$ cat target_28.tsv   # TSV, C-alpha atoms
chain	number	residue	atom	x	y	z
A	17	MET	CA	9.79	20.31	-16.14
A	18	THR	CA	13.32	19.59	-14.97
A	19	LYS	CA	15.66	17.58	-17.17
A	20	HIS	CA	17.55	14.40	-16.39
A	21	THR	CA	20.93	14.71	-14.73
A	22	ILE	CA	23.48	11.99	-14.11
A	23	GLU	CA	22.74	12.06	-10.37
A	24	ASP	CA	18.98	11.40	-10.70
A	25	GLN	CA	19.02	7.61	-10.69
A	26	ALA	CA	21.65	7.32	-7.97
A	27	ALA	CA	19.79	9.77	-5.74
A	28	THR	CA	16.48	7.98	-6.26
A	29	LYS	CA	18.05	4.59	-5.58
A	30	GLU	CA	19.55	5.91	-2.36
A	31	LEU	CA	16.19	7.30	-1.18
A	32	LEU	CA	14.50	3.97	-1.86
A	33	ARG	CA	17.27	2.15	0.00
A	34	GLN	CA	16.84	4.39	3.03
A	35	LEU	CA	13.14	3.54	3.25
A	36	ASP	CA	14.03	-0.13	3.78
A	37	ALA	CA	17.36	0.08	5.60
A	38	ASP	CA	17.87	-1.06	9.18
A	39	THR	CA	19.64	2.24	9.78
A	40	THR	CA	17.77	5.55	9.83
A	41	TRP	CA	18.31	8.50	7.53
A	42	LEU	CA	20.68	9.83	10.23
A	43	ARG	CA	22.83	6.67	10.02
A	44	HIS	CA	21.79	5.49	13.48
A	45	ARG	CA	21.17	1.87	14.43
A	46	GLY	CA	19.64	0.04	17.36
A	47	ARG	CA	18.11	2.12	20.13
A	48	ALA	CA	19.38	5.36	18.61
A	49	ALA	CA	17.53	4.50	15.40
A	50	GLU	CA	14.34	3.80	17.35
A	51	LEU	CA	14.63	7.19	19.06
A	52	ASP	CA	15.04	8.84	15.65
A	53	ARG	CA	11.83	7.22	14.43
A	54	ARG	CA	9.81	8.05	17.53
A	55	LEU	CA	10.97	11.65	17.58
A	56	LEU	CA	10.15	12.03	13.90
A	57	GLN	CA	6.52	11.16	14.61
A	58	GLY	CA	6.49	12.68	18.08
A	59	ALA	CA	6.60	10.77	21.35
A	60	THR	CA	5.97	11.24	25.04
A	61	GLU	CA	8.81	11.21	27.53
A	62	ASP	CA	7.61	7.82	28.79
A	63	GLU	CA	7.70	6.39	25.26
A	64	LEU	CA	11.23	7.71	24.75
A	65	SER	CA	12.32	6.32	28.12
A	66	GLU	CA	11.11	2.87	27.04
A	67	VAL	CA	13.82	2.94	24.39
A	68	ARG	CA	16.60	4.59	26.38
A	69	VAL	CA	16.50	6.11	29.84
A	70	SER	CA	19.05	8.71	28.78
A	71	TRP	CA	17.04	9.80	25.72
A	72	ARG	CA	17.72	13.48	26.44
A	73	GLY	CA	21.34	12.89	25.47
A	74	HIS	CA	20.13	11.72	22.07
A	75	VAL	CA	18.08	14.90	21.68
A	76	THR	CA	21.21	16.93	22.45
A	77	HIS	CA	23.12	14.90	19.87
A	78	LEU	CA	20.47	15.56	17.21
A	79	ARG	CA	20.54	19.28	17.93
A	80	LYS	CA	24.31	19.65	18.10
A	81	GLU	CA	25.66	17.16	15.56
A	82	HIS	CA	22.78	16.92	13.09
A	83	ARG	CA	21.53	20.50	13.55
A	84	LEU	CA	17.93	19.39	13.83
A	85	VAL	CA	15.15	21.24	15.61
A	86	VAL	CA	13.89	18.96	18.39
A	87	VAL	CA	11.36	20.59	20.70
A	88	GLU	CA	8.86	19.83	23.43
A	89	THR	CA	5.79	20.72	21.39
A	90	SER	CA	3.46	20.14	24.35
A	91	PRO	CA	4.07	19.11	27.96
A	92	SER	CA	6.20	15.92	27.98
A	93	PHE	CA	5.78	15.44	24.20
A	94	TRP	CA	8.87	15.74	21.99
A	95	LYS	CA	9.22	15.92	18.24
A	96	ILE	CA	11.65	16.69	15.44
A	97	THR	CA	10.22	19.73	13.65
A	98	GLY	CA	11.10	21.95	10.72
A	99	SER	CA	11.49	25.70	10.67
A	100	ASP	CA	8.52	28.06	10.76
A	101	GLU	CA	8.97	28.61	7.02
A	102	ASP	CA	8.92	24.86	6.31
A	103	LEU	CA	5.75	24.34	8.30
A	104	ALA	CA	3.97	27.30	6.75
A	105	SER	CA	4.58	25.92	3.27
A	106	ILE	CA	2.83	22.59	3.87
A	107	LEU	CA	0.11	23.17	6.48
A	108	PRO	CA	-3.45	24.18	5.57
A	109	PRO	CA	-4.73	27.62	6.67
A	110	ALA	CA	-5.14	28.01	10.41
A	111	GLU	CA	-8.92	28.28	10.27
A	112	GLY	CA	-11.35	25.62	9.13
A	113	PRO	CA	-9.21	22.82	7.63
A	114	ILE	CA	-7.16	22.41	10.80
A	115	ASP	CA	-10.32	21.80	12.82
A	116	GLU	CA	-11.51	19.30	10.22
A	117	LEU	CA	-8.23	17.39	10.39
A	118	ALA	CA	-8.40	17.30	14.17
A	119	GLY	CA	-11.87	15.82	13.90
A	120	ASP	CA	-10.61	13.15	11.51
A	121	LEU	CA	-7.94	12.13	13.99
A	122	ASP	CA	-10.65	11.37	16.55
A	123	TYR	CA	-12.51	9.23	14.03
A	124	GLU	CA	-13.67	5.76	15.09
A	125	ASP	CA	-14.71	3.56	12.19
A	126	GLN	CA	-17.80	1.94	13.66
A	127	GLU	CA	-19.56	1.10	10.40
A	128	SER	CA	-16.63	-0.69	8.73
A	129	GLY	CA	-16.20	-3.13	11.57
A	130	HIS	CA	-12.74	-1.94	12.61
A	131	PRO	CA	-12.50	-1.84	16.39
A	132	ALA	CA	-12.39	1.60	17.92
A	133	HIS	CA	-9.07	2.85	19.24
A	134	SER	CA	-10.03	2.14	22.85
A	135	THR	CA	-10.78	-1.56	22.20
A	136	LEU	CA	-7.38	-2.42	20.71
A	137	GLU	CA	-4.59	-3.71	22.91
A	138	PRO	CA	-1.90	-1.05	23.51
A	139	GLY	CA	1.19	-1.75	21.42
A	140	SER	CA	-0.55	-4.45	19.39
A	141	TYR	CA	0.00	-5.01	15.67
A	142	GLN	CA	-3.67	-4.20	15.02
A	143	LEU	CA	-3.41	-0.88	16.86
A	144	ARG	CA	-0.26	0.15	14.98
A	145	ILE	CA	-1.91	-0.65	11.65
A	146	TYR	CA	-5.11	1.16	12.61
A	147	GLU	CA	-3.46	4.33	13.93
A	148	THR	CA	-1.06	4.46	10.99
A	149	ALA	CA	-4.01	4.17	8.61
A	150	ARG	CA	-5.80	7.03	10.34
A	151	ALA	CA	-2.73	9.27	10.05
A	152	LEU	CA	-2.17	8.37	6.38
A	153	SER	CA	-5.84	8.96	5.60
A	154	VAL	CA	-5.62	12.46	7.05
A	155	LEU	CA	-2.50	13.19	5.00
A	156	ALA	CA	-4.16	11.88	1.84
A	157	THR	CA	-7.41	13.80	2.23
A	158	SER	CA	-5.47	16.99	2.93
A	159	GLY	CA	-3.33	16.53	-0.20
A	160	LEU	CA	-0.09	15.89	1.70
A	161	LEU	CA	0.45	12.16	1.13
A	162	GLY	CA	2.49	12.81	-2.00
A	163	SER	CA	4.43	15.76	-0.59
A	164	GLU	CA	8.16	15.45	-1.30
A	165	LEU	CA	8.87	17.24	1.97
A	166	LEU	CA	6.98	14.56	3.90
A	167	LYS	CA	8.14	11.55	1.88
A	168	ALA	CA	10.67	10.33	4.45
A	169	SER	CA	8.18	10.82	7.28
A	170	VAL	CA	5.46	8.89	5.43
A	171	GLY	CA	7.96	6.14	4.67
A	172	MET	CA	8.79	5.87	8.35
A	173	LEU	CA	5.09	5.70	9.24
A	174	ILE	CA	4.63	2.81	6.82
A	175	ARG	CA	7.75	1.08	8.12
A	176	GLN	CA	6.69	1.25	11.74
A	177	ALA	CA	3.13	0.10	11.06
A	178	SER	CA	4.23	-3.52	11.54
A	179	GLU	CA	7.37	-3.21	13.67
A	180	SER	CA	8.08	-3.35	17.38
A	181	ASN	CA	11.26	-2.83	19.39
A	182	HIS	CA	12.36	-6.46	18.84
A	183	TRP	CA	11.48	-6.53	15.17
A	184	HIS	CA	13.13	-9.88	14.35
A	185	ASN	CA	11.09	-11.54	17.08
A	186	CYS	CA	7.74	-10.61	15.53
A	187	THR	CA	8.39	-11.01	11.81
A	188	HIS	CA	5.55	-12.65	9.93
A	189	TYR	CA	7.89	-15.16	8.27
A	190	ARG	CA	11.22	-16.82	8.94
A	191	SER	CA	13.19	-18.76	6.38
A	192	ARG	CA	14.18	-22.34	7.12
A	193	ARG	CA	17.84	-21.52	6.59
A	194	ALA	CA	17.56	-18.80	9.22
A	195	ALA	CA	15.74	-21.20	11.55
A	196	GLU	CA	18.46	-23.80	11.13
A	197	LEU	CA	21.17	-21.31	12.05
A	198	ILE	CA	19.17	-20.37	15.15
A	199	ARG	CA	18.67	-24.03	16.11
A	200	ARG	CA	22.39	-24.76	15.80
A	201	HIS	CA	23.21	-21.78	18.01
A	202	LYS	CA	20.67	-22.92	20.62
A	203	ALA	CA	22.12	-26.43	20.63
A	204	ILE	CA	25.61	-25.12	21.32
A	205	ASN	CA	24.49	-22.38	23.72
A	206	PRO	CA	21.38	-23.54	25.64
A	207	GLY	CA	19.27	-20.66	26.92
A	208	SER	CA	21.18	-18.09	24.88
A	209	LEU	CA	18.07	-17.04	22.93
A	210	SER	CA	15.52	-17.41	25.71
A	211	THR	CA	14.34	-13.79	25.71
A	212	ALA	CA	13.10	-11.40	23.05
A	213	ALA	CA	16.13	-9.15	23.55
A	214	LYS	CA	18.63	-12.02	23.18
A	215	TYR	CA	16.84	-13.34	20.10
A	216	GLN	CA	16.84	-9.87	18.56
A	217	ALA	CA	20.55	-9.37	19.22
A	218	PHE	CA	21.50	-12.71	17.65
A	219	CYS	CA	19.36	-12.15	14.56
A	220	ARG	CA	20.67	-8.63	14.03
A	221	ALA	CA	24.24	-9.92	14.08
A	222	ASN	CA	23.76	-13.03	11.95
A	223	LEU	CA	20.61	-12.71	9.83
A	224	ARG	CA	18.70	-10.20	7.75
A	225	HIS	CA	15.48	-8.39	8.65
A	226	GLU	CA	13.52	-7.96	5.44
A	227	HIS	CA	10.41	-6.04	4.42
A	228	VAL	CA	8.72	-8.57	2.15
A	229	VAL	CA	7.11	-5.72	0.23
A	230	PRO	CA	9.51	-2.75	0.18
A	231	ASN	CA	8.12	0.32	1.91
A	232	SER	CA	8.60	2.36	-1.25
A	233	VAL	CA	6.20	0.00	-3.07
A	234	ILE	CA	3.57	0.31	-0.33
A	235	TYR	CA	3.98	4.08	-0.54
A	236	ARG	CA	3.32	3.90	-4.29
A	237	LEU	CA	0.22	1.73	-3.76
A	238	LEU	CA	-1.17	4.21	-1.25
A	239	LYS	CA	-0.45	7.25	-3.42
A	240	THR	CA	-2.06	5.76	-6.53
A	241	SER	CA	-5.11	4.36	-4.75
A	242	GLU	CA	-8.43	6.06	-5.40
A	243	ASP	CA	-9.71	5.13	-1.94
A	244	HIS	CA	-7.97	6.83	0.97
A	245	SER	CA	-10.48	5.91	3.64
A	246	VAL	CA	-9.17	4.48	6.89
A	247	ASP	CA	-10.79	1.17	6.01
A	248	ALA	CA	-9.02	0.94	2.64
A	249	ILE	CA	-5.63	1.89	4.06
A	250	VAL	CA	-5.99	-0.65	6.88
A	251	ARG	CA	-6.55	-3.33	4.23
A	252	THR	CA	-3.49	-2.24	2.24
A	253	LEU	CA	-1.22	-2.12	5.28
A	254	SER	CA	-2.50	-5.44	6.61
A	255	ILE	CA	-1.77	-7.18	3.30
A	256	TYR	CA	1.57	-5.61	2.43
A	257	CYS	CA	3.25	-4.54	5.70
A	258	ILE	CA	4.79	-7.95	6.31
A	259	ARG	CA	8.35	-8.80	7.28
A	260	ALA	CA	10.69	-11.76	7.30
A	261	THR	CA	13.92	-12.91	8.89
A	262	ILE	CA	16.09	-14.55	6.26
A	263	ALA	CA	19.66	-15.81	5.89
A	264	LEU	CA	22.34	-13.49	4.55
A	265	ASP	CA	22.81	-15.49	1.36
A	266	GLU	CA	19.06	-15.31	0.72
A	267	ASP	CA	19.27	-11.54	0.99
A	268	VAL	CA	22.12	-11.62	-1.54
A	269	LYS	CA	19.91	-13.65	-3.88
A	270	LEU	CA	17.22	-10.97	-3.75
A	271	SER	CA	19.83	-8.28	-4.41
A	272	ARG	CA	21.32	-10.10	-7.41
A	273	ALA	CA	17.84	-10.39	-8.87
A	274	GLY	CA	17.53	-6.60	-8.64
A	275	LEU	CA	14.80	-6.86	-6.02
A	276	SER	CA	16.40	-5.24	-2.98
A	277	SER	CA	13.93	-2.36	-2.99
A	278	SER	CA	11.46	-3.15	-5.75
A	279	MET	CA	8.92	-5.74	-6.82
A	280	PRO	CA	9.14	-7.79	-10.03
A	281	ASN	CA	7.35	-6.34	-13.05
A	282	GLY	CA	4.51	-8.82	-12.73
A	283	PHE	CA	3.44	-7.28	-9.42
A	284	PHE	CA	1.82	-4.40	-11.31
A	285	ASN	CA	0.73	-6.46	-14.33
A	286	GLU	CA	-2.74	-8.02	-14.17
A	287	SER	CA	-1.78	-10.61	-16.79
A	288	ALA	CA	0.89	-12.02	-14.46
A	289	ARG	CA	-1.67	-13.86	-12.38
A	290	GLU	CA	0.66	-15.44	-9.84
A	291	LEU	CA	2.59	-12.23	-9.21
A	292	PHE	CA	-0.05	-9.53	-9.60
A	293	LYS	CA	-0.43	-7.70	-6.27
A	294	ASN	CA	1.03	-10.76	-4.54
A	295	PRO	CA	3.02	-9.65	-1.46
A	296	LEU	CA	5.35	-12.65	-1.88
A	297	ALA	CA	6.14	-11.86	-5.53
A	298	ARG	CA	9.85	-11.18	-4.86
A	299	TYR	CA	10.18	-14.52	-3.12
A	300	ILE	CA	8.31	-16.38	-5.84
A	301	VAL	CA	10.57	-15.22	-8.69
A	302	THR	CA	13.72	-15.95	-6.65
A	303	GLU	CA	12.36	-19.38	-5.58
A	304	LEU	CA	12.53	-18.46	-1.90
A	305	GLU	CA	8.81	-18.63	-1.16
A	306	SER	CA	8.88	-22.34	-0.34
A	307	GLU	CA	11.61	-21.67	2.23
A	308	LEU	CA	9.41	-19.42	4.38
A	309	ASP	CA	7.57	-20.53	7.51
A	310	ARG	CA	4.82	-18.41	9.01
A	311	ARG	CA	5.17	-17.45	12.67
A	312	PRO	CA	2.72	-19.50	14.75
A	313	GLU	CA	-0.27	-17.47	15.87
A	314	GLY	CA	0.01	-16.17	19.42
A	315	LYS	CA	3.75	-16.81	19.68
A	316	LEU	CA	6.93	-14.81	19.20
A	317	TRP	CA	9.88	-16.43	17.47
A	318	HIS	CA	11.99	-16.80	20.61
A	319	GLU	CA	9.18	-18.97	22.00
A	320	VAL	CA	9.28	-21.32	19.02
A	321	SER	CA	11.49	-24.38	19.35

$ encode --input "target_28.tsv" --output "structure tokens"
Amino acid sequence: MTKHTIEDQAATKELLRQLDADTTWLRHRGRAAELDRRLLQGATEDELSEVRVSWRGHVTHLRKEHRLVVVETSPSFWKITGSDEDLASILPPAEGPIDELAGDLDYEDQESGHPAHSTLEPGSYQLRIYETARALSVLATSGLLGSELLKASVGMLIRQASESNHWHNCTHYRSRRAAELIRRHKAINPGSLSTAAKYQAFCRANLRHEHVVPNSVIYRLLKTSEDHSVDAIVRTLSIYCIRATIALDEDVKLSRAGLSSSMPNGFFNESARELFKNPLARYIVTELESELDRRPEGKLWHEVS
């Protein structure tokens, strides 16, 4: 066993922060950050073009400035990869297990009641949750979910399970203080937030996008779970992959309570009935829960008056 060093806590805190930060591990924001995330998981040229038409320039930047290996792993499909040595150390043997994993990826959970892949609307929240659960289930059953080498990648999978390009516009909750700031801006500048892109830009500049349950906590829940079926992971992601748009001072309140990237102790304590496994536990202990409004079903925030 390795011994404690003075850098351990700082390094761990930084890793947890990166799982929940608006910037990627490469310090990119905005569309560059979205390209980082898509390339980490692998994306088609069409998917990359949706983010930025000149995405090839970003690939060049990653190769030249960040010294990453970014390759076209199959026709029109691009991905950030490791070296041959890195891959050999984590992948199962070429025969047998690989075929089994491929079969799992084609799995359609007909008995559990989850809709098959083909019946879910492309780009929908349900599809993102479902496909993320399938990928995480494969990692878990192959013994790779807890791999340190894949920790950042798994964290990004969890993060993107509930996000879209305009992430502020589809948060599950919005605080009333944030809503008031938005209303005042609309009153002064009519039509200024009439589209998803405009709403996103305003919120990014003036408010805080918040993972209600930090991704690192969801990662812990998944790792410690005894059930790694697709059905079980879908339930976990559906309950805990929720996000909120809050005011900057509300974000400061969470930070001062020591809850920027963690849940209160009661979240893991069965005797703390109100907090135990409650996704809003951080907001309850900081008295912010009552300030949250749920996004109306079937609407995006820029459509809400």

$ closest_residue --input "target_28.tsv" --among "A:Ser90, A:Leu55, A:His188, A:Thr60" --to "His74 of chain A" --atoms "all atoms listed in the file"
A:Leu55

$ closest_residue --input "target_28.tsv" --among "A:Ala213, A:Ile258, A:Leu291, A:Ile198" --to "Tyr141 of chain A" --atoms "all atoms listed in the file"
A:Ile258

$ atom_distance --input "target_28.tsv" --atom1 "atom CA of His244 of chain A" --atom2 "atom CA of Ile145 of chain A"
14.4 Å

$ closest_residue --input "target_28.tsv" --among "A:Asp247, A:Glu305, A:Glu266, A:Glu242" --to "His225 of chain A" --atoms "only C-alpha atoms"
A:Glu266

$ atom_distance --input "target_28.tsv" --atom1 "atom CA of Asn285 of chain A" --atom2 "atom CA of Asn231 of chain A"
19.1 Å

$ closest_residue --input "target_28.tsv" --among "A:Gln142, A:Thr97, A:Asn205, A:Gln176" --to "Arg259 of chain A" --atoms "all atoms listed in the file"
A:Gln176
